[in-house]
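**Student:** Sending over coords-v4.csv (CSV, C-alpha atoms).
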chain,number,residue,atom,x,y,z
A,1,MET,CA,165.0,55.5,142.6
A,2,THR,CA,168.5,54.2,142.9
A,3,SER,CA,169.2,50.7,143.9
A,4,PRO,CA,170.7,50.0,147.4
A,5,THR,CA,174.4,49.1,147.4
A,6,ALA,CA,175.8,45.9,148.9
A,7,PRO,CA,177.1,47.5,152.1
A,8,GLU,CA,173.5,48.7,152.8
A,9,TYR,CA,172.3,45.1,152.7
A,10,GLN,CA,175.2,43.8,154.8
A,11,SER,CA,174.8,46.4,157.5
A,12,TYR,CA,171.5,44.8,158.5
A,13,LEU,CA,172.9,41.3,158.9
A,14,ARG,CA,174.3,41.9,162.4
A,15,THR,CA,171.4,44.1,163.6
A,16,PRO,CA,168.0,43.3,165.2
A,17,ALA,CA,166.4,44.7,162.0
A,18,ALA,CA,167.3,41.4,160.3
A,19,ARG,CA,165.2,39.4,162.7
A,20,HIS,CA,161.4,39.0,162.4
A,21,PRO,CA,159.7,41.4,164.8
A,22,ASN,CA,157.9,38.7,166.7
A,23,GLU,CA,160.8,36.2,167.0
A,24,ARG,CA,162.1,37.3,170.4
A,25,SER,CA,158.6,37.4,172.1
A,26,ARG,CA,157.8,34.0,170.6
A,27,LEU,CA,161.1,32.6,171.9
A,28,VAL,CA,160.3,33.8,175.4
A,29,VAL,CA,156.9,32.0,175.3
A,30,ALA,CA,158.4,28.8,173.8
A,31,VAL,CA,161.2,28.7,176.5
A,32,ALA,CA,158.7,29.3,179.2
A,33,SER,CA,156.5,26.4,178.0
A,34,VAL,CA,159.6,24.2,178.0
A,35,TRP,CA,160.4,25.0,181.6
A,36,ILE,CA,156.8,24.5,182.6
A,37,ALA,CA,156.8,21.1,180.9
A,38,PHE,CA,160.1,20.1,182.6
A,39,GLY,CA,158.7,21.4,185.9
A,40,LEU,CA,155.8,19.0,185.6
A,41,ILE,CA,158.2,16.2,184.8
A,42,LEU,CA,160.3,17.1,187.8
A,43,VAL,CA,157.3,17.2,190.1
A,44,ILE,CA,156.4,13.7,189.0
A,45,ALA,CA,160.0,12.5,189.5
A,46,ILE,CA,160.0,14.0,193.0
A,47,SER,CA,156.8,12.2,193.8
A,48,TRP,CA,158.5,8.9,193.0
A,49,GLY,CA,161.5,9.7,195.3
A,50,GLY,CA,165.1,8.7,194.5
A,51,THR,CA,163.9,6.2,191.9
A,52,GLY,CA,162.2,8.9,189.9
A,53,PHE,CA,165.3,11.1,189.8
A,54,LEU,CA,167.4,8.1,188.6
A,55,ILE,CA,164.9,7.3,185.9
A,56,LEU,CA,164.8,10.9,184.7
A,57,PHE,CA,168.6,11.2,184.7
A,58,LEU,CA,169.0,7.9,182.8
A,59,ALA,CA,166.3,8.9,180.3
A,60,ILE,CA,168.0,12.3,179.5
A,61,LEU,CA,171.4,10.6,179.3
A,62,LEU,CA,170.0,8.0,176.9
A,63,VAL,CA,168.5,10.6,174.6
A,64,VAL,CA,171.7,12.6,174.5
A,65,VAL,CA,173.9,9.6,173.8
A,66,ALA,CA,171.5,8.2,171.2
A,67,GLU,CA,171.2,11.5,169.3
A,68,TRP,CA,175.0,12.0,169.4
A,69,LEU,CA,175.7,8.5,168.1
A,70,PHE,CA,173.1,8.9,165.4
A,71,HIS,CA,174.6,12.2,164.3
A,72,ARG,CA,178.1,10.7,164.2
A,73,LEU,CA,177.0,7.7,162.2
A,74,ARG,CA,175.2,10.0,159.8
A,75,LYS,CA,178.3,12.1,159.3
A,76,ALA,CA,180.4,9.0,158.7
A,77,SER,CA,177.8,7.8,156.1
A,78,LEU,CA,177.9,11.1,154.3
A,79,LEU,CA,181.7,11.0,154.1
A,80,GLY,CA,181.4,7.7,152.2
A,81,ARG,CA,178.4,8.3,149.9
A,82,ALA,CA,178.3,12.1,149.4
A,83,ILE,CA,180.9,14.6,148.0
A,84,LYS,CA,182.3,17.0,150.6
A,85,VAL,CA,182.5,20.7,149.5
A,86,THR,CA,186.1,21.8,149.4
A,87,PRO,CA,188.1,24.3,147.4
A,88,ASP,CA,189.0,21.4,145.0
A,89,SER,CA,185.6,19.6,144.7
A,90,PHE,CA,183.2,22.5,144.5
A,91,PRO,CA,185.2,25.8,144.4
A,92,GLU,CA,182.3,28.1,143.7
A,93,ILE,CA,180.0,26.7,146.5
A,94,HIS,CA,183.0,26.7,148.9
A,95,ALA,CA,183.8,30.3,148.1
A,96,GLU,CA,180.2,31.4,148.5
A,97,ILE,CA,180.0,29.7,152.0
A,98,ALA,CA,183.3,31.2,153.1
A,99,GLU,CA,182.1,34.7,152.0
A,100,LEU,CA,178.7,34.4,153.7
A,101,GLN,CA,180.4,33.2,157.0
A,102,GLN,CA,182.4,36.4,156.9
A,103,LYS,CA,179.3,38.5,156.4
A,104,PHE,CA,177.6,36.8,159.4
A,105,ASP,CA,180.8,36.9,161.4
A,106,TYR,CA,180.4,33.2,161.9
A,107,HIS,CA,183.7,31.4,161.9
A,108,ARG,CA,182.8,27.9,163.3
A,109,PRO,CA,183.7,25.0,161.0
A,110,VAL,CA,180.8,23.7,158.9
A,111,ASP,CA,181.0,20.4,157.0
A,112,VAL,CA,179.1,20.8,153.7
A,113,TYR,CA,178.2,17.8,151.5
A,114,VAL,CA,176.5,17.4,148.1
A,115,LEU,CA,174.1,14.5,147.7
A,116,ASP,CA,172.0,13.2,144.9
A,117,GLU,CA,168.7,13.4,146.8
A,118,VAL,CA,168.0,15.4,150.0
A,119,GLU,CA,164.6,15.8,151.7
A,120,GLY,CA,163.7,19.5,151.6
A,121,LYS,CA,166.6,20.1,149.1
A,122,MET,CA,168.9,21.2,152.0
A,123,THR,CA,169.2,20.1,155.6
A,124,VAL,CA,171.4,21.4,158.4
A,125,THR,CA,172.2,19.9,161.9
A,126,SER,CA,174.2,21.2,164.8
A,127,LEU,CA,175.0,19.0,167.7
A,128,LEU,CA,177.8,19.0,170.3
A,129,GLY,CA,180.2,21.0,168.1
A,130,THR,CA,179.4,19.2,164.9
A,131,ARG,CA,177.7,21.2,162.1
A,132,VAL,CA,176.6,19.5,158.9
A,133,LEU,CA,175.0,21.0,155.9
A,134,VAL,CA,173.7,18.7,153.1
A,135,ILE,CA,172.7,20.1,149.7
A,136,GLU,CA,170.9,18.3,146.9
A,137,GLY,CA,173.1,18.4,143.9
A,138,GLY,CA,170.5,19.0,141.3
A,139,PHE,CA,168.9,21.8,143.4
A,140,ALA,CA,172.3,23.5,143.8
A,141,ALA,CA,173.0,23.2,140.1
A,142,ASP,CA,169.7,24.8,139.3
A,143,LEU,CA,170.3,27.7,141.7
A,144,GLN,CA,173.8,28.3,140.2
A,145,ARG,CA,172.3,28.5,136.7
A,146,ASP,CA,169.9,31.2,138.0
A,147,GLY,CA,172.8,33.3,139.1
A,148,PRO,CA,174.8,33.7,142.4
A,149,ALA,CA,171.9,35.5,144.2
A,150,ALA,CA,169.6,32.4,144.3
A,151,LEU,CA,172.3,30.2,145.8
A,152,ARG,CA,173.3,32.9,148.3
A,153,PHE,CA,169.7,33.1,149.5
A,154,MET,CA,169.6,29.4,150.4
A,155,LEU,CA,173.1,29.2,151.9
A,156,GLY,CA,172.5,32.4,153.8
A,157,ASN,CA,169.2,31.0,155.1
A,158,PHE,CA,171.0,28.0,156.7
A,159,ILE,CA,174.0,29.9,157.9
A,160,CYS,CA,171.6,32.2,159.7
A,161,TRP,CA,170.1,29.1,161.4
A,162,LEU,CA,173.5,28.1,162.6
A,163,LYS,CA,174.4,31.6,163.7
A,164,SER,CA,171.3,31.8,165.9
A,165,ARG,CA,172.6,28.9,168.0
A,166,HIS,CA,175.7,30.9,169.0
A,167,GLY,CA,174.2,34.3,169.9
A,168,ARG,CA,172.1,35.7,172.7
A,169,LEU,CA,169.7,33.1,174.2
A,170,ALA,CA,171.6,30.5,172.3
A,171,LEU,CA,171.2,27.9,175.1
A,172,SER,CA,167.4,28.4,175.0
A,173,VAL,CA,167.4,27.9,171.2
A,174,ILE,CA,169.4,24.7,171.4
A,175,ILE,CA,167.2,23.3,174.2
A,176,LEU,CA,164.1,24.0,172.0
A,177,GLU,CA,165.6,22.1,169.1
A,178,ARG,CA,166.5,19.1,171.3
A,179,VAL,CA,163.0,18.9,172.8
A,180,ARG,CA,161.0,19.6,169.6
A,181,TRP,CA,158.7,16.7,170.5
A,182,LEU,CA,157.3,18.7,173.4
A,183,ALA,CA,155.5,20.9,170.8
A,184,TYR,CA,152.8,18.2,170.7
A,185,VAL,CA,152.3,18.8,174.4
A,186,ALA,CA,152.9,22.6,174.3
A,187,PRO,CA,151.8,23.8,170.9
A,188,TRP,CA,152.7,27.4,171.7
A,189,MET,CA,156.3,26.4,170.8
A,190,PHE,CA,155.3,26.3,167.1
A,191,PRO,CA,155.1,30.2,166.7
A,192,TYR,CA,158.8,30.6,167.5
A,193,TRP,CA,159.9,28.1,164.9
A,194,ARG,CA,157.7,29.8,162.3
A,195,CYS,CA,159.2,33.2,163.2
A,196,SER,CA,162.8,31.8,163.1
A,197,LYS,CA,162.1,30.5,159.5
A,198,TYR,CA,161.0,34.0,158.6
A,199,THR,CA,164.2,35.4,160.1
A,200,CYS,CA,166.3,32.9,158.1
A,201,ASP,CA,164.5,34.0,154.9
A,202,GLN,CA,165.2,37.6,155.7
A,203,ALA,CA,168.9,36.9,156.3
A,204,GLY,CA,169.1,34.9,153.0
A,205,TYR,CA,167.6,37.9,151.2
A,206,LEU,CA,170.1,40.3,152.7
A,207,CYS,CA,172.9,37.9,151.6
A,208,ALA,CA,171.5,37.6,148.1
A,209,GLU,CA,171.0,41.3,147.7
A,210,ASP,CA,168.2,40.5,145.2
A,211,LEU,CA,164.5,40.3,146.2
A,212,HIS,CA,163.4,38.9,142.8
A,213,ALA,CA,165.9,36.0,143.1
A,214,SER,CA,165.0,35.3,146.7
A,215,LEU,CA,161.3,35.2,146.0
A,216,GLY,CA,162.1,32.9,143.0
A,217,VAL,CA,163.8,30.4,145.3
A,218,ILE,CA,160.7,30.3,147.6
A,219,ALA,CA,158.5,29.8,144.5
A,220,ARG,CA,160.8,27.0,143.2
A,221,LEU,CA,160.5,25.2,146.6
A,222,ALA,CA,156.8,25.3,146.3
A,223,ALA,CA,156.2,24.4,142.6
A,224,GLY,CA,159.5,22.9,141.5
A,225,LYS,CA,162.2,24.0,139.1
A,226,GLU,CA,160.1,23.7,135.9
A,227,LEU,CA,157.1,25.8,137.0
A,228,GLY,CA,158.5,27.8,139.9
A,229,PRO,CA,160.2,30.5,137.8
A,230,SER,CA,156.9,31.1,135.9
A,231,ILE,CA,154.7,31.7,138.9
A,232,SER,CA,152.8,34.9,138.8
A,233,PRO,CA,153.4,37.1,141.9
A,234,THR,CA,149.8,38.2,141.8
A,235,GLY,CA,148.7,34.6,142.0
A,236,VAL,CA,150.8,34.0,145.1
A,237,LEU,CA,149.5,37.2,146.7
A,238,GLU,CA,145.9,36.1,146.0
A,239,GLN,CA,146.5,32.7,147.5
A,240,ALA,CA,148.2,34.3,150.6
A,241,TYR,CA,145.1,36.6,151.0
A,242,GLN,CA,142.8,33.6,150.8
A,243,VAL,CA,144.9,31.8,153.5
A,244,SER,CA,144.7,34.8,155.8
A,245,ARG,CA,140.9,34.8,155.5
A,246,ARG,CA,140.2,31.1,155.9
A,247,PRO,CA,140.1,29.8,159.5
A,248,LEU,CA,141.0,26.3,158.6
A,249,SER,CA,144.1,27.3,156.6
A,250,ARG,CA,145.2,29.5,159.5
A,251,TYR,CA,144.6,26.6,162.0
A,252,VAL,CA,146.7,24.2,159.9
A,253,GLU,CA,149.6,26.7,160.1
A,254,LEU,CA,149.2,27.1,163.8
A,255,SER,CA,149.7,23.4,164.3
A,256,GLN,CA,153.0,23.1,162.4
A,257,ALA,CA,156.5,24.4,162.8
A,258,GLU,CA,156.9,25.6,159.2
A,259,PRO,CA,154.9,28.7,158.0
A,260,HIS,CA,152.9,28.4,154.8
A,261,VAL,CA,155.1,29.0,151.7
A,262,VAL,CA,152.8,31.8,150.5
A,263,ASN,CA,153.2,33.5,153.9
A,264,ARG,CA,157.0,33.2,153.6
A,265,TYR,CA,156.7,34.9,150.2
A,266,VAL,CA,154.6,37.8,151.6
A,267,ASN,CA,156.8,38.2,154.7
A,268,LEU,CA,159.9,38.6,152.5
A,269,VAL,CA,158.2,41.3,150.5
A,270,ALA,CA,157.1,43.1,153.6
A,271,PHE,CA,160.6,42.9,155.1
A,272,ALA,CA,162.0,44.4,151.9
A,273,GLY,CA,159.5,47.2,152.3
A,274,SER,CA,160.7,48.0,155.8
A,275,VAL,CA,164.5,47.9,155.1
A,276,MET,CA,165.0,48.2,151.3
A,277,PRO,CA,162.3,50.4,149.8
A,278,ALA,CA,164.0,50.4,146.4
A,279,ASP,CA,163.6,46.6,146.1
A,280,PHE,CA,160.0,46.9,147.3
A,281,GLU,CA,159.1,49.5,144.7
A,282,ARG,CA,160.5,47.4,141.9
A,283,PHE,CA,158.5,44.5,143.0
A,284,ARG,CA,155.3,46.5,143.3
A,285,ALA,CA,155.9,48.1,139.9
A,286,GLY,CA,155.8,44.7,138.3
A,287,LEU,CA,152.3,43.9,139.7
A,288,ASP,CA,149.0,44.6,137.9
A,289,GLU,CA,146.3,46.6,139.7
A,290,LYS,CA,144.8,43.5,141.3
A,291,GLY,CA,148.2,42.5,142.7
A,292,ARG,CA,148.8,45.9,144.1
A,293,ARG,CA,145.5,45.9,145.9
A,294,LEU,CA,146.2,42.5,147.3
A,295,LEU,CA,149.7,43.5,148.4
A,296,ARG,CA,148.2,46.6,150.2
A,297,ASP,CA,145.7,44.5,152.1
A,298,LEU,CA,148.4,41.9,153.1
A,299,LEU,CA,150.8,44.6,154.3
A,300,LEU,CA,148.2,46.0,156.6
A,301,GLN,CA,148.4,42.7,158.5
A,302,SER,CA,152.2,42.5,158.4
A,303,PRO,CA,154.1,42.7,161.7
A,304,HIS,CA,156.9,44.5,159.8
A,305,ARG,CA,154.5,47.4,159.1
A,306,GLN,CA,153.4,47.5,162.7
A,307,SER,CA,157.0,47.3,164.1
A,308,SER,CA,158.2,50.0,161.8
A,309,GLY,CA,155.4,52.4,162.7
A,310,GLY,CA,154.0,52.2,159.2
A,311,SER,CA,157.2,53.1,157.5
A,312,ILE,CA,156.7,50.5,154.7
A,313,PRO,CA,156.4,52.7,151.6
A,314,TRP,CA,152.7,52.1,151.1
A,315,SER,CA,149.5,53.7,152.0
A,316,THR,CA,145.9,52.7,151.5
A,317,THR,CA,145.8,54.8,148.3
A,318,GLY,CA,149.1,53.8,146.8
A,319,PRO,CA,152.8,54.4,147.1
A,320,ARG,CA,154.2,57.4,148.9
Once more with this new file: its structure as structure tokens, please.

**Tutor:**
Amino acid sequence: MTSPTAPEYQSYLRTPAARHPNERSRLVVAVASVWIAFGLILVIAISWGGTGFLILFLAILLVVVAEWLFHRLRKASLLGRAIKVTPDSFPEIHAEIAELQQKFDYHRPVDVYVLDEVEGKMTVTSLLGTRVLVIEGGFAADLQRDGPAALRFMLGNFICWLKSRHGRLALSVIILERVRWLAYVAPWMFPYWRCSKYTCDQAGYLCAEDLHASLGVIARLAAGKELGPSISPTGVLEQAYQVSRRPLSRYVELSQAEPHVVNRYVNLVAFAGSVMPADFERFRAGLDEKGRRLLRDLLLQSPHRQSSGGSIPWSTTGPR
């Protein structure tokens, strides 16, 4: 089977196929929960009369001003203690970001900094027109040594996050980010954030144009740079299968905004099966018999398989 060409990957970036099948429905539920929560707060404010409205307005104003000030101070701090990505300081990273912004048709300015230590390896914030991406230097260097695909996966992942805040329903997405604390009152907001993470992974893979490299980055995030590259795909699939069967593991994921790493791994494989069968077949060919059986069982539960009408190149008896 011939490998897909770059234009085939890129053609998906600006289409609904690049998004997780459940993301839009989860967003509708999350936005509805926010309005319900604000409705309850408004009812309480009305019951207090004019004083209640004043307190509510001042509280919202205080939160907005405080967050804006914190964001500006953080950016000023980065300018002094981190290295900004420019064509002169980090030409390769700068060129990759510029190319990916073209692929996403995202032309808003993004300030990118490289820092010695960053929680989560990379972080991104977007507030009142200011967009800041911070990359851990050692992590970026490791990805560059693995080849351009790994770095493109991570950068594409975060540019997708920024892009989602300027598309359809963008205002709803921004509001959800700003009132993230409401998730502890309305936990049905968590499914949207998990689906949005899957979407960013899928966009990163389409940018990388390499399933093996994309899965390698997810494995590295879970086990570190030393052991991540040596992780057996069958081992990850077996662990994902156990997570899907254990109620406590599933409950833990339901109570957090990030999906389990093993579920991110399986979701990306399922996504490749729905849009890039050649990549999926290469991945499947590298599995042993146990891994193929586990993959088959996991795909039966995948929303990608259900949304594509079973078009993932897999049946209960083997590949088509």

**Student:** Residues within 12 Å of (181.0, 9.8, 151.5), file coordinates, counting only C-alpha atoms: what are they? Give the list as a list in words.

**Tutor:**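 Protein, DNA and RNA residues close to (181.0, 9.8, 151.5): Leu73, Arg74, Lys75, Ala76, Ser77, Leu78, Leu79, Gly80, Arg81, Ala82, Ile83, Lys84, Val85, Asp111, Val112, Tyr113, Val114, Leu115, Asp116 and Val134 of chain A.
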
**Student:** Which one of A:Leu215, A:Asp279, A:Leu248, A:Ser274 sits closest to Val262 in chain A if you count all atoms listed in the file?

**Tutor:**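 So, comparing all the options, the nearest one is A:Leu215.
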
**Student:** Counting all atoms listed in the file, find the residues whose atoms lie at most 12 Å from (168.4, 26.9, 136.8) (file coordinates) and write them out as a PyMOL selection string.

**Tutor:** chain A and resi 138-151+213+216-217+220+224-229

**Student:** Between CA of Arg26 in chain A and CA of Arg245 in chain A, what distance in Å does the model show, to one decimal?

**Tutor:**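 CA of Arg245 in chain A lies 22.7 Å from CA of Arg26 in chain A.
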
**Student:** How many Å separate CA of Gln102 in chain A from CA of Gln10 in chain A?

**Tutor:**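 Value for the CA of Gln102 in chain A-CA of Gln10 in chain A distance: 10.5 Å.
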
**Student:** When you draw a straight line from CA of Arg284 in chain A to CA of Asp201 in chain A, how long is it in Å?

**Tutor:**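 Value for the CA of Arg284 in chain A-CA of Asp201 in chain A distance: 19.4 Å.
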
**Student:** Let me make sure I understand: among A:Ser255, A:Ser214, A:Tyr265, A:Tyr12, which one has the smallest atom-to-atom distance to Gln239 in chain A if we use only C-alpha atoms?

**Tutor:**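 Of A:Ser255, A:Ser214, A:Tyr265, A:Tyr12, the one nearest Gln239 in chain A, counting only C-alpha atoms, is A:Tyr265.
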
**Student:** Taking all atoms listed in the file into account, which of A:Val34, A:Leu40, A:Leu294, A:Ile135 comes nearest Phe158 in chain A?

**Tutor:**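 Of the candidates, the smallest distance to Phe158 in chain A is held by A:Ile135.
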
**Student:** Hey, which of A:Lys121, A:Lys290, A:Leu13, A:Ser249 ends up closest to Tyr205 in chain A? Count only C-alpha atoms.

**Tutor:**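 Counting only C-alpha atoms, the residue closest to Tyr205 in chain A is A:Leu13.
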
**Student:** Point out the residue among A:Val275, A:Pro191, A:Lys103, A:Leu221 with the least atom-to-atom distance to Met154 in chain A, counting all atoms listed in the file.

**Tutor:**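 Under the stated criterion, the closest residue is A:Leu221.
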
**Student:** Under the rule that only C-alpha atoms are counted, which of A:Arg152, A:Arg72, A:Lys163, A:Arg292 is the nearest residue to His94 in chain A?

**Tutor:**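 Looking only at the distances to His94 in chain A, the closest residue turns out to be A:Arg152.
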
**Student:** Can you pull out every residue within 12 Å of Asn267 in chain A, counting only C-alpha atoms, but drop anything in the same chain fewer than 4 positions away, and send it as an NGL selection string?

**Tutor:** :A and (19-21 or 194-195 or 197-202 or 205 or 211 or 214-215 or 218 or 237 or 240 or 259-263 or 271-274 or 280 or 295 or 298-305)

**Student:** Store the residues of this selection in a file with C-alpha atoms, as a PDB file, in the frame of the given file.

**Tutor:**
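In the end it all went to part10.pdb:
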ATOM      1  CA  ARG A  19     165.200  39.400 162.700  1.00  0.00           C
ATOM      2  CA  HIS A  20     161.400  39.000 162.400  1.00  0.00           C
ATOM      3  CA  PRO A  21     159.700  41.400 164.800  1.00  0.00           C
ATOM      4  CA  ARG A 194     157.700  29.800 162.300  1.00  0.00           C
ATOM      5  CA  CYS A 195     159.200  33.200 163.200  1.00  0.00           C
ATOM      6  CA  LYS A 197     162.100  30.500 159.500  1.00  0.00           C
ATOM      7  CA  TYR A 198     161.000  34.000 158.600  1.00  0.00           C
ATOM      8  CA  THR A 199     164.200  35.400 160.100  1.00  0.00           C
ATOM      9  CA  CYS A 200     166.300  32.900 158.100  1.00  0.00           C
ATOM     10  CA  ASP A 201     164.500  34.000 154.900  1.00  0.00           C
ATOM     11  CA  GLN A 202     165.200  37.600 155.700  1.00  0.00           C
ATOM     12  CA  TYR A 205     167.600  37.900 151.200  1.00  0.00           C
ATOM     13  CA  LEU A 211     164.500  40.300 146.200  1.00  0.00           C
ATOM     14  CA  SER A 214     165.000  35.300 146.700  1.00  0.00           C
ATOM     15  CA  LEU A 215     161.300  35.200 146.000  1.00  0.00           C
ATOM     16  CA  ILE A 218     160.700  30.300 147.600  1.00  0.00           C
ATOM     17  CA  LEU A 237     149.500  37.200 146.700  1.00  0.00           C
ATOM     18  CA  ALA A 240     148.200  34.300 150.600  1.00  0.00           C
ATOM     19  CA  PRO A 259     154.900  28.700 158.000  1.00  0.00           C
ATOM     20  CA  HIS A 260     152.900  28.400 154.800  1.00  0.00           C
ATOM     21  CA  VAL A 261     155.100  29.000 151.700  1.00  0.00           C
ATOM     22  CA  VAL A 262     152.800  31.800 150.500  1.00  0.00           C
ATOM     23  CA  ASN A 263     153.200  33.500 153.900  1.00  0.00           C
ATOM     24  CA  PHE A 271     160.600  42.900 155.100  1.00  0.00           C
ATOM     25  CA  ALA A 272     162.000  44.400 151.900  1.00  0.00           C
ATOM     26  CA  GLY A 273     159.500  47.200 152.300  1.00  0.00           C
ATOM     27  CA  SER A 274     160.700  48.000 155.800  1.00  0.00           C
ATOM     28  CA  PHE A 280     160.000  46.900 147.300  1.00  0.00           C
ATOM     29  CA  LEU A 295     149.700  43.500 148.400  1.00  0.00           C
ATOM     30  CA  LEU A 298     148.400  41.900 153.100  1.00  0.00           C
ATOM     31  CA  LEU A 299     150.800  44.600 154.300  1.00  0.00           C
ATOM     32  CA  LEU A 300     148.200  46.000 156.600  1.00  0.00           C
ATOM     33  CA  GLN A 301     148.400  42.700 158.500  1.00  0.00           C
ATOM     34  CA  SER A 302     152.200  42.500 158.400  1.00  0.00           C
ATOM     35  CA  PRO A 303     154.100  42.700 161.700  1.00  0.00           C
ATOM     36  CA  HIS A 304     156.900  44.500 159.800  1.00  0.00           C
ATOM     37  CA  ARG A 305     154.500  47.400 159.100  1.00  0.00           C
TER      38      ARG A 305
END

**Student:** Find the residues near Tyr106 in chain A: any atom within 12 Å, counting all atoms listed in the file, skip ones fewer than 5 places away on the same chain, and give them as number ranges by chain.

**Tutor:** A: 13-14, 97-101, 156, 158-167

**Student:** Using the selection just defined, write its residues with C-alpha atoms as a CSV table (one decimal), in the frame of the given file.

**Tutor:**
chain,number,residue,atom,x,y,z
A,13,LEU,CA,172.9,41.3,158.9
A,14,ARG,CA,174.3,41.9,162.4
A,97,ILE,CA,180.0,29.7,152.0
A,98,ALA,CA,183.3,31.2,153.1
A,99,GLU,CA,182.1,34.7,152.0
A,100,LEU,CA,178.7,34.4,153.7
A,101,GLN,CA,180.4,33.2,157.0
A,156,GLY,CA,172.5,32.4,153.8
A,158,PHE,CA,171.0,28.0,156.7
A,159,ILE,CA,174.0,29.9,157.9
A,160,CYS,CA,171.6,32.2,159.7
A,161,TRP,CA,170.1,29.1,161.4
A,162,LEU,CA,173.5,28.1,162.6
A,163,LYS,CA,174.4,31.6,163.7
A,164,SER,CA,171.3,31.8,165.9
A,165,ARG,CA,172.6,28.9,168.0
A,166,HIS,CA,175.7,30.9,169.0
A,167,GLY,CA,174.2,34.3,169.9

**Student:** Could you rebuild range 51-66 of chain A with N, CA and C atoms and give it back as a PDB file, keeping the file's coordinate frame?

**Tutor:**
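File rebuild.pdb, as written:
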ATOM      1  N   THR A  51     164.089   6.955 193.112  1.00  0.00           N
ATOM      2  CA  THR A  51     163.900   6.200 191.900  1.00  0.00           C
ATOM      3  C   THR A  51     163.508   7.030 190.712  1.00  0.00           C
ATOM      4  N   GLY A  52     162.623   7.976 190.982  1.00  0.00           N
ATOM      5  CA  GLY A  52     162.200   8.900 189.900  1.00  0.00           C
ATOM      6  C   GLY A  52     163.276   9.729 189.366  1.00  0.00           C
ATOM      7  N   PHE A  53     164.138  10.276 190.259  1.00  0.00           N
ATOM      8  CA  PHE A  53     165.300  11.100 189.800  1.00  0.00           C
ATOM      9  C   PHE A  53     166.227  10.253 188.954  1.00  0.00           C
ATOM     10  N   LEU A  54     166.458   9.026 189.384  1.00  0.00           N
ATOM     11  CA  LEU A  54     167.400   8.100 188.600  1.00  0.00           C
ATOM     12  C   LEU A  54     166.828   7.847 187.258  1.00  0.00           C
ATOM     13  N   ILE A  55     165.537   7.551 187.186  1.00  0.00           N
ATOM     14  CA  ILE A  55     164.900   7.300 185.900  1.00  0.00           C
ATOM     15  C   ILE A  55     164.991   8.481 184.973  1.00  0.00           C
ATOM     16  N   LEU A  56     164.714   9.663 185.535  1.00  0.00           N
ATOM     17  CA  LEU A  56     164.800  10.900 184.700  1.00  0.00           C
ATOM     18  C   LEU A  56     166.175  11.151 184.232  1.00  0.00           C
ATOM     19  N   PHE A  57     167.173  10.995 185.093  1.00  0.00           N
ATOM     20  CA  PHE A  57     168.600  11.200 184.700  1.00  0.00           C
ATOM     21  C   PHE A  57     168.967  10.242 183.582  1.00  0.00           C
ATOM     22  N   LEU A  58     168.635   8.965 183.774  1.00  0.00           N
ATOM     23  CA  LEU A  58     169.000   7.900 182.800  1.00  0.00           C
ATOM     24  C   LEU A  58     168.306   8.191 181.445  1.00  0.00           C
ATOM     25  N   ALA A  59     167.053   8.649 181.516  1.00  0.00           N
ATOM     26  CA  ALA A  59     166.300   8.900 180.300  1.00  0.00           C
ATOM     27  C   ALA A  59     166.958  10.058 179.496  1.00  0.00           C
ATOM     28  N   ILE A  60     167.328  11.141 180.208  1.00  0.00           N
ATOM     29  CA  ILE A  60     168.000  12.300 179.500  1.00  0.00           C
ATOM     30  C   ILE A  60     169.326  11.842 178.959  1.00  0.00           C
ATOM     31  N   LEU A  61     170.092  11.087 179.739  1.00  0.00           N
ATOM     32  CA  LEU A  61     171.400  10.600 179.300  1.00  0.00           C
ATOM     33  C   LEU A  61     171.244   9.726 178.045  1.00  0.00           C
ATOM     34  N   LEU A  62     170.246   8.856 178.060  1.00  0.00           N
ATOM     35  CA  LEU A  62     170.000   8.000 176.900  1.00  0.00           C
ATOM     36  C   LEU A  62     169.679   8.727 175.660  1.00  0.00           C
ATOM     37  N   VAL A  63     168.840   9.749 175.790  1.00  0.00           N
ATOM     38  CA  VAL A  63     168.500  10.600 174.600  1.00  0.00           C
ATOM     39  C   VAL A  63     169.669  11.279 174.053  1.00  0.00           C
ATOM     40  N   VAL A  64     170.485  11.881 174.930  1.00  0.00           N
ATOM     41  CA  VAL A  64     171.700  12.600 174.500  1.00  0.00           C
ATOM     42  C   VAL A  64     172.654  11.713 173.778  1.00  0.00           C
ATOM     43  N   VAL A  65     172.936  10.573 174.387  1.00  0.00           N
ATOM     44  CA  VAL A  65     173.900   9.600 173.800  1.00  0.00           C
ATOM     45  C   VAL A  65     173.389   9.088 172.474  1.00  0.00           C
ATOM     46  N   ALA A  66     172.108   8.746 172.423  1.00  0.00           N
ATOM     47  CA  ALA A  66     171.500   8.200 171.200  1.00  0.00           C
ATOM     48  C   ALA A  66     171.576   9.198 170.062  1.00  0.00           C
TER      49      ALA A  66
END
